[in-house]
$ cat coords-v6.pdb   # PDB, C-alpha atoms, pLDDT in the B column
ATOM      1  CA  MET A   1      96.035  27.241 -46.621  1.00 47.00           C
ATOM      2  CA  PHE A   2      93.098  25.534 -48.166  1.00 44.00           C
ATOM      3  CA  HIS A   3      89.698  27.175 -48.707  1.00 44.00           C
ATOM      4  CA  TYR A   4      86.285  25.858 -47.689  1.00 40.00           C
ATOM      5  CA  LEU A   5      84.554  24.160 -50.609  1.00 40.00           C
ATOM      6  CA  GLY A   6      86.643  26.092 -53.107  1.00 43.00           C
ATOM      7  CA  ILE A   7      85.923  29.035 -55.347  1.00 38.00           C
ATOM      8  CA  ALA A   8      84.513  26.811 -58.070  1.00 41.00           C
ATOM      9  CA  LEU A   9      81.999  25.184 -55.744  1.00 39.00           C
ATOM     10  CA  ALA A  10      81.000  28.554 -54.368  1.00 42.00           C
ATOM     11  CA  GLY A  11      80.259  29.690 -57.903  1.00 45.00           C
ATOM     12  CA  LEU A  12      78.132  26.640 -58.541  1.00 40.00           C
ATOM     13  CA  ILE A  13      76.149  27.275 -55.364  1.00 40.00           C
ATOM     14  CA  VAL A  14      75.362  30.825 -56.412  1.00 41.00           C
ATOM     15  CA  ALA A  15      74.291  29.626 -59.844  1.00 43.00           C
ATOM     16  CA  GLN A  16      71.897  26.983 -58.532  1.00 46.00           C
ATOM     17  CA  ASP A  17      68.174  27.399 -58.963  1.00 44.00           C
ATOM     18  CA  PRO A  18      66.373  28.462 -55.743  1.00 44.00           C
ATOM     19  CA  VAL A  19      64.313  25.267 -55.795  1.00 45.00           C
ATOM     20  CA  ALA A  20      67.372  23.016 -55.956  1.00 50.00           C
ATOM     21  CA  ALA A  21      68.214  20.628 -53.158  1.00 55.00           C
ATOM     22  CA  PRO A  22      68.885  22.442 -49.864  1.00 58.00           C
ATOM     23  CA  ILE A  23      72.433  23.004 -48.634  1.00 55.00           C
ATOM     24  CA  VAL A  24      72.939  21.360 -45.242  1.00 56.00           C
ATOM     25  CA  ASN A  25      75.602  22.494 -42.806  1.00 53.00           C
ATOM     26  CA  PRO A  26      76.388  19.821 -40.160  1.00 52.00           C
ATOM     27  CA  GLY A  27      76.135  21.089 -36.597  1.00 51.00           C
ATOM     28  CA  ALA A  28      78.700  20.872 -33.835  1.00 49.00           C
ATOM     29  CA  PRO A  29      78.640  17.841 -31.501  1.00 49.00           C
ATOM     30  CA  GLY A  30      75.226  17.653 -29.861  1.00 53.00           C
ATOM     31  CA  ALA A  31      73.723  20.243 -32.203  1.00 53.00           C
ATOM     32  CA  ALA A  32      71.382  19.605 -35.109  1.00 58.00           C
ATOM     33  CA  SER A  33      72.342  20.197 -38.724  1.00 61.00           C
ATOM     34  CA  ARG A  34      70.685  23.162 -40.407  1.00 60.00           C
ATOM     35  CA  GLN A  35      69.903  24.320 -43.901  1.00 67.00           C
ATOM     36  CA  ILE A  36      71.903  27.306 -45.088  1.00 59.00           C
ATOM     37  CA  THR A  37      71.389  29.723 -47.931  1.00 70.00           C
ATOM     38  CA  ALA A  38      73.596  29.979 -50.993  1.00 64.00           C
ATOM     39  CA  ALA A  39      75.008  33.231 -49.623  1.00 64.00           C
ATOM     40  CA  GLU A  40      75.932  31.534 -46.346  1.00 60.00           C
ATOM     41  CA  ALA A  41      77.609  28.727 -48.270  1.00 58.00           C
ATOM     42  CA  VAL A  42      79.692  31.290 -50.150  1.00 55.00           C
ATOM     43  CA  ASP A  43      80.737  32.805 -46.814  1.00 58.00           C
ATOM     44  CA  LEU A  44      81.800  29.348 -45.650  1.00 54.00           C
ATOM     45  CA  SER A  45      83.873  28.916 -48.793  1.00 52.00           C
ATOM     46  CA  ARG A  46      85.937  31.954 -47.804  1.00 53.00           C
ATOM     47  CA  THR A  47      86.841  30.568 -44.387  1.00 64.00           C
ATOM     48  CA  THR A  48      90.301  29.069 -44.196  1.00 80.00           C
ATOM     49  CA  TYR A  49      91.723  25.980 -42.548  1.00 89.00           C
ATOM     50  CA  THR A  50      95.175  24.441 -42.411  1.00 93.00           C
ATOM     51  CA  GLU A  51      96.772  21.220 -43.550  1.00 94.00           C
ATOM     52  CA  GLN A  52      97.038  20.224 -39.887  1.00 95.00           C
ATOM     53  CA  ASP A  53      93.280  20.777 -39.423  1.00 96.00           C
ATOM     54  CA  VAL A  54      92.574  18.370 -42.270  1.00 96.00           C
ATOM     55  CA  ARG A  55      95.036  15.774 -41.017  1.00 95.00           C
ATOM     56  CA  PHE A  56      93.580  16.026 -37.507  1.00 97.00           C
ATOM     57  CA  MET A  57      90.071  15.258 -38.743  1.00 97.00           C
ATOM     58  CA  GLN A  58      91.233  12.410 -40.988  1.00 96.00           C
ATOM     59  CA  HIS A  59      93.249  10.810 -38.199  1.00 96.00           C
ATOM     60  CA  MET A  60      90.579  11.326 -35.546  1.00 97.00           C
ATOM     61  CA  ILE A  61      88.067   9.418 -37.696  1.00 97.00           C
ATOM     62  CA  VAL A  62      90.371   6.389 -37.547  1.00 96.00           C
ATOM     63  CA  HIS A  63      91.017   6.988 -33.840  1.00 96.00           C
ATOM     64  CA  HIS A  64      87.294   7.110 -33.027  1.00 97.00           C
ATOM     65  CA  GLY A  65      86.696   4.056 -35.200  1.00 96.00           C
ATOM     66  CA  GLN A  66      88.879   1.897 -32.975  1.00 96.00           C
ATOM     67  CA  ALA A  67      86.959   3.037 -29.884  1.00 96.00           C
ATOM     68  CA  VAL A  68      83.742   1.870 -31.545  1.00 96.00           C
ATOM     69  CA  GLU A  69      85.386  -1.503 -32.311  1.00 96.00           C
ATOM     70  CA  MET A  70      86.368  -1.835 -28.658  1.00 96.00           C
ATOM     71  CA  VAL A  71      82.788  -1.225 -27.551  1.00 97.00           C
ATOM     72  CA  GLU A  72      81.520  -3.860 -29.986  1.00 96.00           C
ATOM     73  CA  LEU A  73      83.670  -6.417 -28.135  1.00 95.00           C
ATOM     74  CA  LEU A  74      82.279  -5.219 -24.824  1.00 92.00           C
ATOM     75  CA  GLN A  75      78.697  -6.254 -25.565  1.00 86.00           C
ATOM     76  CA  THR A  76      79.325 -10.000 -25.153  1.00 91.00           C
ATOM     77  CA  ARG A  77      82.451 -10.041 -22.977  1.00 96.00           C
ATOM     78  CA  ALA A  78      82.034  -7.481 -20.189  1.00 96.00           C
ATOM     79  CA  SER A  79      80.750  -8.566 -16.786  1.00 96.00           C
ATOM     80  CA  SER A  80      80.163  -5.127 -15.235  1.00 96.00           C
ATOM     81  CA  PRO A  81      76.886  -3.314 -16.053  1.00 96.00           C
ATOM     82  CA  ALA A  82      78.634  -0.010 -15.326  1.00 97.00           C
ATOM     83  CA  VAL A  83      81.376  -0.805 -17.832  1.00 97.00           C
ATOM     84  CA  ARG A  84      78.751  -1.727 -20.420  1.00 96.00           C
ATOM     85  CA  ALA A  85      76.910   1.528 -19.758  1.00 96.00           C
ATOM     86  CA  ILE A  86      79.906   3.802 -20.227  1.00 97.00           C
ATOM     87  CA  GLY A  87      80.926   1.799 -23.284  1.00 96.00           C
ATOM     88  CA  ARG A  88      77.538   2.399 -24.905  1.00 95.00           C
ATOM     89  CA  ARG A  89      77.788   6.105 -24.118  1.00 96.00           C
ATOM     90  CA  ILE A  90      81.248   6.295 -25.658  1.00 97.00           C
ATOM     91  CA  ALA A  91      80.107   4.489 -28.816  1.00 96.00           C
ATOM     92  CA  LEU A  92      77.109   6.788 -29.315  1.00 96.00           C
ATOM     93  CA  SER A  93      79.151   9.965 -28.935  1.00 95.00           C
ATOM     94  CA  GLN A  94      82.043   8.778 -31.077  1.00 95.00           C
ATOM     95  CA  GLU A  95      79.790   7.513 -33.878  1.00 96.00           C
ATOM     96  CA  ALA A  96      78.088  10.930 -33.977  1.00 96.00           C
ATOM     97  CA  GLU A  97      81.469  12.642 -34.044  1.00 96.00           C
ATOM     98  CA  ILE A  98      82.660  10.392 -36.872  1.00 97.00           C
ATOM     99  CA  ASP A  99      79.651  11.570 -38.902  1.00 96.00           C
ATOM    100  CA  LEU A 100      80.512  15.190 -38.111  1.00 96.00           C
ATOM    101  CA  MET A 101      84.160  14.768 -39.129  1.00 97.00           C
ATOM    102  CA  GLN A 102      83.238  12.990 -42.350  1.00 96.00           C
ATOM    103  CA  ASN A 103      80.755  15.751 -43.227  1.00 95.00           C
ATOM    104  CA  TRP A 104      83.368  18.414 -42.437  1.00 95.00           C
ATOM    105  CA  LEU A 105      85.816  16.829 -44.870  1.00 95.00           C
ATOM    106  CA  LEU A 106      83.331  15.939 -47.610  1.00 94.00           C
ATOM    107  CA  SER A 107      81.711  19.387 -47.598  1.00 90.00           C
ATOM    108  CA  ARG A 108      85.130  20.802 -48.392  1.00 90.00           C
ATOM    109  CA  GLY A 109      85.885  18.304 -51.139  1.00 91.00           C
ATOM    110  CA  LEU A 110      88.591  16.626 -49.049  1.00 93.00           C
ATOM    111  CA  PRO A 111      89.377  12.896 -48.805  1.00 94.00           C
ATOM    112  CA  LEU A 112      88.263  11.007 -45.715  1.00 94.00           C
ATOM    113  CA  GLU A 113      91.529   9.090 -45.501  1.00 92.00           C
ATOM    114  CA  ALA A 114      94.895  10.697 -44.802  1.00 88.00           C
ATOM    115  CA  ALA A 115      97.575  10.036 -47.392  1.00 83.00           C
ATOM    116  CA  ASP A 116     100.085   8.876 -44.780  1.00 78.00           C
ATOM    117  CA  LEU A 117      97.702   6.233 -43.426  1.00 75.00           C
ATOM    118  CA  HIS A 118      96.599   5.147 -46.901  1.00 56.00           C
ATOM    119  CA  ALA A 119     100.204   4.670 -47.961  1.00 49.00           C
ATOM    120  CA  GLY A 120     100.872   2.473 -44.941  1.00 47.00           C
ATOM    121  CA  HIS A 121     103.674   4.649 -43.634  1.00 43.00           C
ATOM    122  CA  GLY A 122     103.269   3.365 -40.102  1.00 48.00           C
ATOM    123  CA  PRO A 123     102.577   5.231 -36.888  1.00 45.00           C
ATOM    124  CA  ALA A 124     101.797   8.924 -36.854  1.00 44.00           C
ATOM    125  CA  PRO A 125     104.546  11.137 -35.448  1.00 41.00           C
ATOM    126  CA  SER A 126     104.606  11.586 -31.693  1.00 39.00           C
ATOM    127  CA  ALA A 127     104.058  15.005 -30.146  1.00 39.00           C
ATOM    128  CA  SER A 128     107.825  15.355 -29.648  1.00 37.00           C
ATOM    129  CA  THR A 129     108.458  14.487 -33.294  1.00 38.00           C
ATOM    130  CA  ALA A 130     105.873  17.046 -34.390  1.00 41.00           C
ATOM    131  CA  HIS A 131     107.534  19.645 -32.153  1.00 39.00           C
ATOM    132  CA  ASP A 132     110.879  18.897 -33.793  1.00 42.00           C
ATOM    133  CA  ALA A 133     109.293  19.400 -37.218  1.00 40.00           C
ATOM    134  CA  ARG A 134     107.912  22.799 -36.185  1.00 43.00           C
ATOM    135  CA  THR A 135     111.115  24.039 -34.541  1.00 41.00           C
ATOM    136  CA  GLY A 136     113.624  22.481 -36.943  1.00 45.00           C
ATOM    137  CA  HIS A 137     115.259  20.553 -34.097  1.00 42.00           C
ATOM    138  CA  ASP A 138     116.810  17.201 -34.994  1.00 43.00           C
ATOM    139  CA  ALA A 139     115.848  14.757 -32.251  1.00 39.00           C
ATOM    140  CA  HIS A 140     118.615  12.372 -33.342  1.00 39.00           C
ATOM    141  CA  ALA A 141     121.419  14.914 -33.478  1.00 42.00           C
ATOM    142  CA  GLY A 142     124.366  14.222 -31.200  1.00 43.00           C
ATOM    143  CA  HIS A 143     123.706  10.508 -30.869  1.00 43.00           C
ATOM    144  CA  GLY A 144     126.691   9.369 -32.875  1.00 42.00           C
ATOM    145  CA  GLY A 145     124.618   8.329 -35.863  1.00 44.00           C
ATOM    146  CA  HIS A 146     123.487   5.116 -34.225  1.00 48.00           C
ATOM    147  CA  GLY A 147     120.204   3.852 -35.643  1.00 53.00           C
ATOM    148  CA  ALA A 148     117.200   3.271 -33.423  1.00 53.00           C
ATOM    149  CA  ALA A 149     116.326  -0.239 -32.326  1.00 57.00           C
ATOM    150  CA  PRO A 150     113.934  -2.071 -34.670  1.00 65.00           C
ATOM    151  CA  VAL A 151     110.272  -1.468 -33.872  1.00 64.00           C
ATOM    152  CA  ASP A 152     107.776  -4.325 -33.853  1.00 66.00           C
ATOM    153  CA  PRO A 153     104.683  -2.988 -35.691  1.00 67.00           C
ATOM    154  CA  ASP A 154     102.520  -5.453 -33.756  1.00 65.00           C
ATOM    155  CA  THR A 155     103.194  -3.533 -30.555  1.00 64.00           C
ATOM    156  CA  VAL A 156     103.005   0.027 -31.895  1.00 66.00           C
ATOM    157  CA  PRO A 157      99.719   1.912 -32.418  1.00 69.00           C
ATOM    158  CA  ILE A 158      99.292   3.893 -35.619  1.00 78.00           C
ATOM    159  CA  MET A 159      98.575   7.115 -33.701  1.00 84.00           C
ATOM    160  CA  PRO A 160      98.605   8.450 -30.117  1.00 88.00           C
ATOM    161  CA  GLY A 161      96.601   6.410 -27.616  1.00 94.00           C
ATOM    162  CA  MET A 162      95.298   3.824 -30.048  1.00 96.00           C
ATOM    163  CA  LEU A 163      95.684   0.211 -28.994  1.00 95.00           C
ATOM    164  CA  SER A 164      98.322  -1.766 -30.843  1.00 94.00           C
ATOM    165  CA  PRO A 165      97.308  -4.886 -32.795  1.00 94.00           C
ATOM    166  CA  ALA A 166      98.637  -6.992 -29.908  1.00 94.00           C
ATOM    167  CA  GLN A 167      96.533  -5.072 -27.380  1.00 95.00           C
ATOM    168  CA  MET A 168      93.417  -5.444 -29.511  1.00 96.00           C
ATOM    169  CA  ARG A 169      93.946  -9.202 -29.758  1.00 96.00           C
ATOM    170  CA  ALA A 170      94.371  -9.451 -25.988  1.00 97.00           C
ATOM    171  CA  LEU A 171      91.145  -7.499 -25.483  1.00 97.00           C
ATOM    172  CA  ALA A 172      89.255  -9.702 -27.951  1.00 97.00           C
ATOM    173  CA  ALA A 173      90.475 -12.842 -26.160  1.00 97.00           C
ATOM    174  CA  ALA A 174      89.506 -11.688 -22.647  1.00 98.00           C
ATOM    175  CA  GLU A 175      86.194 -12.234 -20.871  1.00 97.00           C
ATOM    176  CA  GLY A 176      84.509 -11.195 -17.636  1.00 97.00           C
ATOM    177  CA  PRO A 177      86.447  -9.140 -15.068  1.00 97.00           C
ATOM    178  CA  GLU A 178      89.670  -9.448 -17.071  1.00 98.00           C
ATOM    179  CA  PHE A 179      87.932  -7.943 -20.086  1.00 98.00           C
ATOM    180  CA  ASP A 180      86.500  -5.150 -17.924  1.00 98.00           C
ATOM    181  CA  ARG A 181      89.998  -4.278 -16.700  1.00 98.00           C
ATOM    182  CA  LEU A 182      91.604  -4.370 -20.151  1.00 98.00           C
ATOM    183  CA  PHE A 183      88.735  -2.384 -21.658  1.00 98.00           C
ATOM    184  CA  LEU A 184      88.947   0.385 -19.069  1.00 98.00           C
ATOM    185  CA  GLU A 185      92.740   0.553 -19.202  1.00 98.00           C
ATOM    186  CA  GLY A 186      92.678   0.561 -22.996  1.00 97.00           C
ATOM    187  CA  MET A 187      89.928   3.168 -23.300  1.00 98.00           C
ATOM    188  CA  ILE A 188      91.643   5.459 -20.787  1.00 98.00           C
ATOM    189  CA  GLN A 189      94.802   5.174 -22.897  1.00 97.00           C
ATOM    190  CA  HIS A 190      92.721   5.770 -26.025  1.00 97.00           C
ATOM    191  CA  HIS A 191      91.008   8.872 -24.630  1.00 98.00           C
ATOM    192  CA  GLN A 192      94.299  10.320 -23.425  1.00 98.00           C
ATOM    193  CA  GLY A 193      95.649   9.899 -26.938  1.00 97.00           C
ATOM    194  CA  ALA A 194      92.728  11.927 -28.300  1.00 97.00           C
ATOM    195  CA  LEU A 195      93.527  14.721 -25.833  1.00 98.00           C
ATOM    196  CA  ASP A 196      97.153  14.621 -26.979  1.00 97.00           C
ATOM    197  CA  MET A 197      96.010  14.903 -30.604  1.00 97.00           C
ATOM    198  CA  VAL A 198      94.002  18.035 -29.763  1.00 97.00           C
ATOM    199  CA  ASP A 199      96.996  19.512 -27.939  1.00 96.00           C
ATOM    200  CA  GLU A 200      99.217  18.839 -30.942  1.00 95.00           C
ATOM    201  CA  LEU A 201      96.715  20.411 -33.339  1.00 96.00           C
ATOM    202  CA  LEU A 202      96.480  23.587 -31.278  1.00 95.00           C
ATOM    203  CA  SER A 203     100.266  23.856 -31.059  1.00 94.00           C
ATOM    204  CA  TRP A 204     100.483  24.486 -34.818  1.00 93.00           C
ATOM    205  CA  PRO A 205     100.281  28.157 -35.878  1.00 88.00           C
ATOM    206  CA  ASP A 206      96.875  29.155 -37.297  1.00 88.00           C
ATOM    207  CA  SER A 207      95.407  25.665 -36.755  1.00 92.00           C
ATOM    208  CA  GLY A 208      92.197  24.943 -34.871  1.00 92.00           C
ATOM    209  CA  ASN A 209      90.621  28.277 -35.821  1.00 89.00           C
ATOM    210  CA  ASP A 210      87.839  26.866 -38.008  1.00 92.00           C
ATOM    211  CA  PRO A 211      84.666  27.468 -35.939  1.00 91.00           C
ATOM    212  CA  MET A 212      83.199  23.975 -36.302  1.00 92.00           C
ATOM    213  CA  LEU A 213      86.543  22.263 -35.773  1.00 94.00           C
ATOM    214  CA  SER A 214      87.242  24.461 -32.744  1.00 94.00           C
ATOM    215  CA  ASP A 215      83.892  23.519 -31.186  1.00 95.00           C
ATOM    216  CA  PHE A 216      84.516  19.857 -31.941  1.00 96.00           C
ATOM    217  CA  ALA A 217      88.002  19.895 -30.402  1.00 96.00           C
ATOM    218  CA  ALA A 218      86.661  21.584 -27.264  1.00 96.00           C
ATOM    219  CA  SER A 219      83.926  18.945 -27.052  1.00 96.00           C
ATOM    220  CA  VAL A 220      86.498  16.142 -27.344  1.00 97.00           C
ATOM    221  CA  VAL A 221      88.525  17.611 -24.482  1.00 97.00           C
ATOM    222  CA  ALA A 222      85.510  18.156 -22.206  1.00 97.00           C
ATOM    223  CA  ASP A 223      83.748  14.844 -22.868  1.00 96.00           C
ATOM    224  CA  GLN A 224      86.760  12.572 -22.898  1.00 97.00           C
ATOM    225  CA  SER A 225      88.345  14.188 -19.832  1.00 98.00           C
ATOM    226  CA  ALA A 226      85.128  13.489 -17.916  1.00 98.00           C
ATOM    227  CA  GLU A 227      84.983   9.922 -19.245  1.00 98.00           C
ATOM    228  CA  ILE A 228      88.596   9.303 -18.207  1.00 98.00           C
ATOM    229  CA  LEU A 229      87.725  10.269 -14.619  1.00 98.00           C
ATOM    230  CA  ARG A 230      84.675   7.987 -14.659  1.00 98.00           C
ATOM    231  CA  MET A 231      86.645   5.049 -16.072  1.00 98.00           C
ATOM    232  CA  GLN A 232      89.442   5.551 -13.541  1.00 98.00           C
ATOM    233  CA  SER A 233      86.816   5.343 -10.805  1.00 98.00           C
ATOM    234  CA  LEU A 234      85.342   2.156 -12.285  1.00 98.00           C
ATOM    235  CA  LEU A 235      88.812   0.655 -12.628  1.00 97.00           C
ATOM    236  CA  SER A 236      89.522   1.259  -8.941  1.00 96.00           C
ATOM    237  CA  GLU A 237      86.339  -0.643  -8.045  1.00 93.00           C
ATOM    238  CA  LEU A 238      87.168  -3.830  -9.969  1.00 90.00           C
TER     239      LEU A 238
END

$ encode --input "coords-v6.pdb" --output "structure tokens"
Amino acid sequence: MFHYLGIALAGLIVAQDPVAAPIVNPGAPGAASRQITAAEAVDLSRTTYTEQDVRFMQHMIVHHGQAVEMVELLQTRASSPAVRAIGRRIALSQEAEIDLMQNWLLSRGLPLEAADLHAGHGPAPSASTAHDARTGHDAHAGHGGHGAAPVDPDTVPIMPGMLSPAQMRALAAAEGPEFDRLFLEGMIQHHQGALDMVDELLSWPDSGNDPMLSDFAASVVADQSAEILRMQSLLSEL
């Protein structure tokens, strides 16, 4: 388990002069940030989080970033005003959540980028792979030692729900009603992947208990579930 900010940082906070720069604690999605006292910051430093919590935030930043890229394409290629409207809403909420996740990591002295993504190790494990890691089950046992078929990285997203490079190119090349369809299908897939990431996080023992992270995860589930329903309705009207 890691500790918020760390004991050393907590000591520095206590030692700071009262007139020093204020300590700002970022709020949950939709809530304003607020200034906190040195004593409150020390309390935060004693709160614990898990390796899976950190990885979730690092990966979700990348996940949200692709959604914002998809909306940027929408501005000049979509033909449906309703599709443009929900795209703008998605971009605004996900940009705000990216800020929150970055602040959550930085305030704890943690890197914004996950080591596995930085090292270029390919796609994140699927939910079934993660389950195998937790239970010690070997998903390949009993298959005669045959290797899996080669995977084309151009067709595989780096984490659940994200569009593959090939899908992103197809979206960027489309216009009008075809773009609207690909955008909605892709964003529904993307949102479902985010829900899967929350489910995986909460399946790990002791993960998802950090108050801010817990509020954020609940917000992701509520907002993106509602947006999936809206996009499914728009898709049926095309």

$ resolve_selection --input "coords-v6.pdb" --expression "the PyMOL selection byres ((chain A and resi 89-103) around 9)" --output "PDB file with C-alpha atoms, keeping the file's coordinate frame"
ATOM      1  CA  ASN A  25      75.602  22.494 -42.806  1.00 53.00           C
ATOM      2  CA  PRO A  26      76.388  19.821 -40.160  1.00 52.00           C
ATOM      3  CA  GLY A  27      76.135  21.089 -36.597  1.00 51.00           C
ATOM      4  CA  ALA A  28      78.700  20.872 -33.835  1.00 49.00           C
ATOM      5  CA  PRO A  29      78.640  17.841 -31.501  1.00 49.00           C
ATOM      6  CA  GLY A  30      75.226  17.653 -29.861  1.00 53.00           C
ATOM      7  CA  MET A  57      90.071  15.258 -38.743  1.00 97.00           C
ATOM      8  CA  GLN A  58      91.233  12.410 -40.988  1.00 96.00           C
ATOM      9  CA  MET A  60      90.579  11.326 -35.546  1.00 97.00           C
ATOM     10  CA  ILE A  61      88.067   9.418 -37.696  1.00 97.00           C
ATOM     11  CA  VAL A  62      90.371   6.389 -37.547  1.00 96.00           C
ATOM     12  CA  HIS A  64      87.294   7.110 -33.027  1.00 97.00           C
ATOM     13  CA  GLY A  65      86.696   4.056 -35.200  1.00 96.00           C
ATOM     14  CA  ALA A  67      86.959   3.037 -29.884  1.00 96.00           C
ATOM     15  CA  VAL A  68      83.742   1.870 -31.545  1.00 96.00           C
ATOM     16  CA  GLU A  69      85.386  -1.503 -32.311  1.00 96.00           C
ATOM     17  CA  MET A  70      86.368  -1.835 -28.658  1.00 96.00           C
ATOM     18  CA  VAL A  71      82.788  -1.225 -27.551  1.00 97.00           C
ATOM     19  CA  GLU A  72      81.520  -3.860 -29.986  1.00 96.00           C
ATOM     20  CA  ARG A  84      78.751  -1.727 -20.420  1.00 96.00           C
ATOM     21  CA  ALA A  85      76.910   1.528 -19.758  1.00 96.00           C
ATOM     22  CA  ILE A  86      79.906   3.802 -20.227  1.00 97.00           C
ATOM     23  CA  GLY A  87      80.926   1.799 -23.284  1.00 96.00           C
ATOM     24  CA  ARG A  88      77.538   2.399 -24.905  1.00 95.00           C
ATOM     25  CA  TRP A 104      83.368  18.414 -42.437  1.00 95.00           C
ATOM     26  CA  LEU A 105      85.816  16.829 -44.870  1.00 95.00           C
ATOM     27  CA  LEU A 106      83.331  15.939 -47.610  1.00 94.00           C
ATOM     28  CA  SER A 107      81.711  19.387 -47.598  1.00 90.00           C
ATOM     29  CA  ARG A 108      85.130  20.802 -48.392  1.00 90.00           C
ATOM     30  CA  PRO A 111      89.377  12.896 -48.805  1.00 94.00           C
ATOM     31  CA  LEU A 112      88.263  11.007 -45.715  1.00 94.00           C
ATOM     32  CA  LEU A 213      86.543  22.263 -35.773  1.00 94.00           C
ATOM     33  CA  PHE A 216      84.516  19.857 -31.941  1.00 96.00           C
ATOM     34  CA  GLN A 224      86.760  12.572 -22.898  1.00 97.00           C
ATOM     35  CA  GLU A 227      84.983   9.922 -19.245  1.00 98.00           C
TER      36      GLU A 227
END

$ resolve_selection --input "coords-v6.pdb" --expression "the PyMOL selection byres ((chain A and resi 189) around 12)" --output "PDB file with C-alpha atoms, keeping the file's coordinate frame"
ATOM      1  CA  HIS A  63      91.017   6.988 -33.840  1.00 96.00           C
ATOM      2  CA  ALA A  67      86.959   3.037 -29.884  1.00 96.00           C
ATOM      3  CA  PRO A 157      99.719   1.912 -32.418  1.00 69.00           C
ATOM      4  CA  MET A 159      98.575   7.115 -33.701  1.00 84.00           C
ATOM      5  CA  PRO A 160      98.605   8.450 -30.117  1.00 88.00           C
ATOM      6  CA  GLY A 161      96.601   6.410 -27.616  1.00 94.00           C
ATOM      7  CA  MET A 162      95.298   3.824 -30.048  1.00 96.00           C
ATOM      8  CA  LEU A 163      95.684   0.211 -28.994  1.00 95.00           C
ATOM      9  CA  SER A 164      98.322  -1.766 -30.843  1.00 94.00           C
ATOM     10  CA  GLN A 167      96.533  -5.072 -27.380  1.00 95.00           C
ATOM     11  CA  LEU A 182      91.604  -4.370 -20.151  1.00 98.00           C
ATOM     12  CA  PHE A 183      88.735  -2.384 -21.658  1.00 98.00           C
ATOM     13  CA  LEU A 184      88.947   0.385 -19.069  1.00 98.00           C
ATOM     14  CA  GLU A 185      92.740   0.553 -19.202  1.00 98.00           C
ATOM     15  CA  GLY A 186      92.678   0.561 -22.996  1.00 97.00           C
ATOM     16  CA  MET A 187      89.928   3.168 -23.300  1.00 98.00           C
ATOM     17  CA  ILE A 188      91.643   5.459 -20.787  1.00 98.00           C
ATOM     18  CA  HIS A 190      92.721   5.770 -26.025  1.00 97.00           C
ATOM     19  CA  HIS A 191      91.008   8.872 -24.630  1.00 98.00           C
ATOM     20  CA  GLN A 192      94.299  10.320 -23.425  1.00 98.00           C
ATOM     21  CA  GLY A 193      95.649   9.899 -26.938  1.00 97.00           C
ATOM     22  CA  ALA A 194      92.728  11.927 -28.300  1.00 97.00           C
ATOM     23  CA  LEU A 195      93.527  14.721 -25.833  1.00 98.00           C
ATOM     24  CA  ASP A 196      97.153  14.621 -26.979  1.00 97.00           C
ATOM     25  CA  GLN A 224      86.760  12.572 -22.898  1.00 97.00           C
ATOM     26  CA  SER A 225      88.345  14.188 -19.832  1.00 98.00           C
ATOM     27  CA  GLU A 227      84.983   9.922 -19.245  1.00 98.00           C
ATOM     28  CA  ILE A 228      88.596   9.303 -18.207  1.00 98.00           C
ATOM     29  CA  MET A 231      86.645   5.049 -16.072  1.00 98.00           C
ATOM     30  CA  GLN A 232      89.442   5.551 -13.541  1.00 98.00           C
TER      31      GLN A 232
END

$ closest_residue --input "coords-v6.pdb" --among "A:Met168, A:Ala174, A:Val220, A:Val54" --to "Ala78 (chain A)" --atoms "only C-alpha atoms"
A:Ala174

$ closest_residue --input "coords-v6.pdb" --among "A:Asp223, A:Ser214, A:Ser207, A:Asp180" --to "Ser236 (chain A)" --atoms "all atoms listed in the file"
A:Asp180

$ resolve_selection --input "coords-v6.pdb" --expression "the PyMOL selection byres ((chain A and resi 79) around 9)" --output "list in words"
Leu74, Thr76, Arg77, Ala78, Ser80, Pro81, Ala82, Val83, Arg84, Glu175, Gly176, Pro177, Glu178, Phe179 and Asp180 of chain A

$ atom_distance --input "coords-v6.pdb" --atom1 "CA of Pro205 (chain A)" --atom2 "CA of Ala217 (chain A)"
15.8 Å

$ atom_distance --input "coords-v6.pdb" --atom1 "CA of Gln52 (chain A)" --atom2 "CA of Val198 (chain A)"
10.8 Å

$ atom_distance --input "coords-v6.pdb" --atom1 "CA of Asp206 (chain A)" --atom2 "CA of Leu110 (chain A)"
19.1 Å

$ closest_residue --input "coords-v6.pdb" --among "A:Gly208, A:Leu171, A:Ala222, A:Leu238" --to "Leu73 (chain A)" --atoms "all atoms listed in the file"
A:Leu171
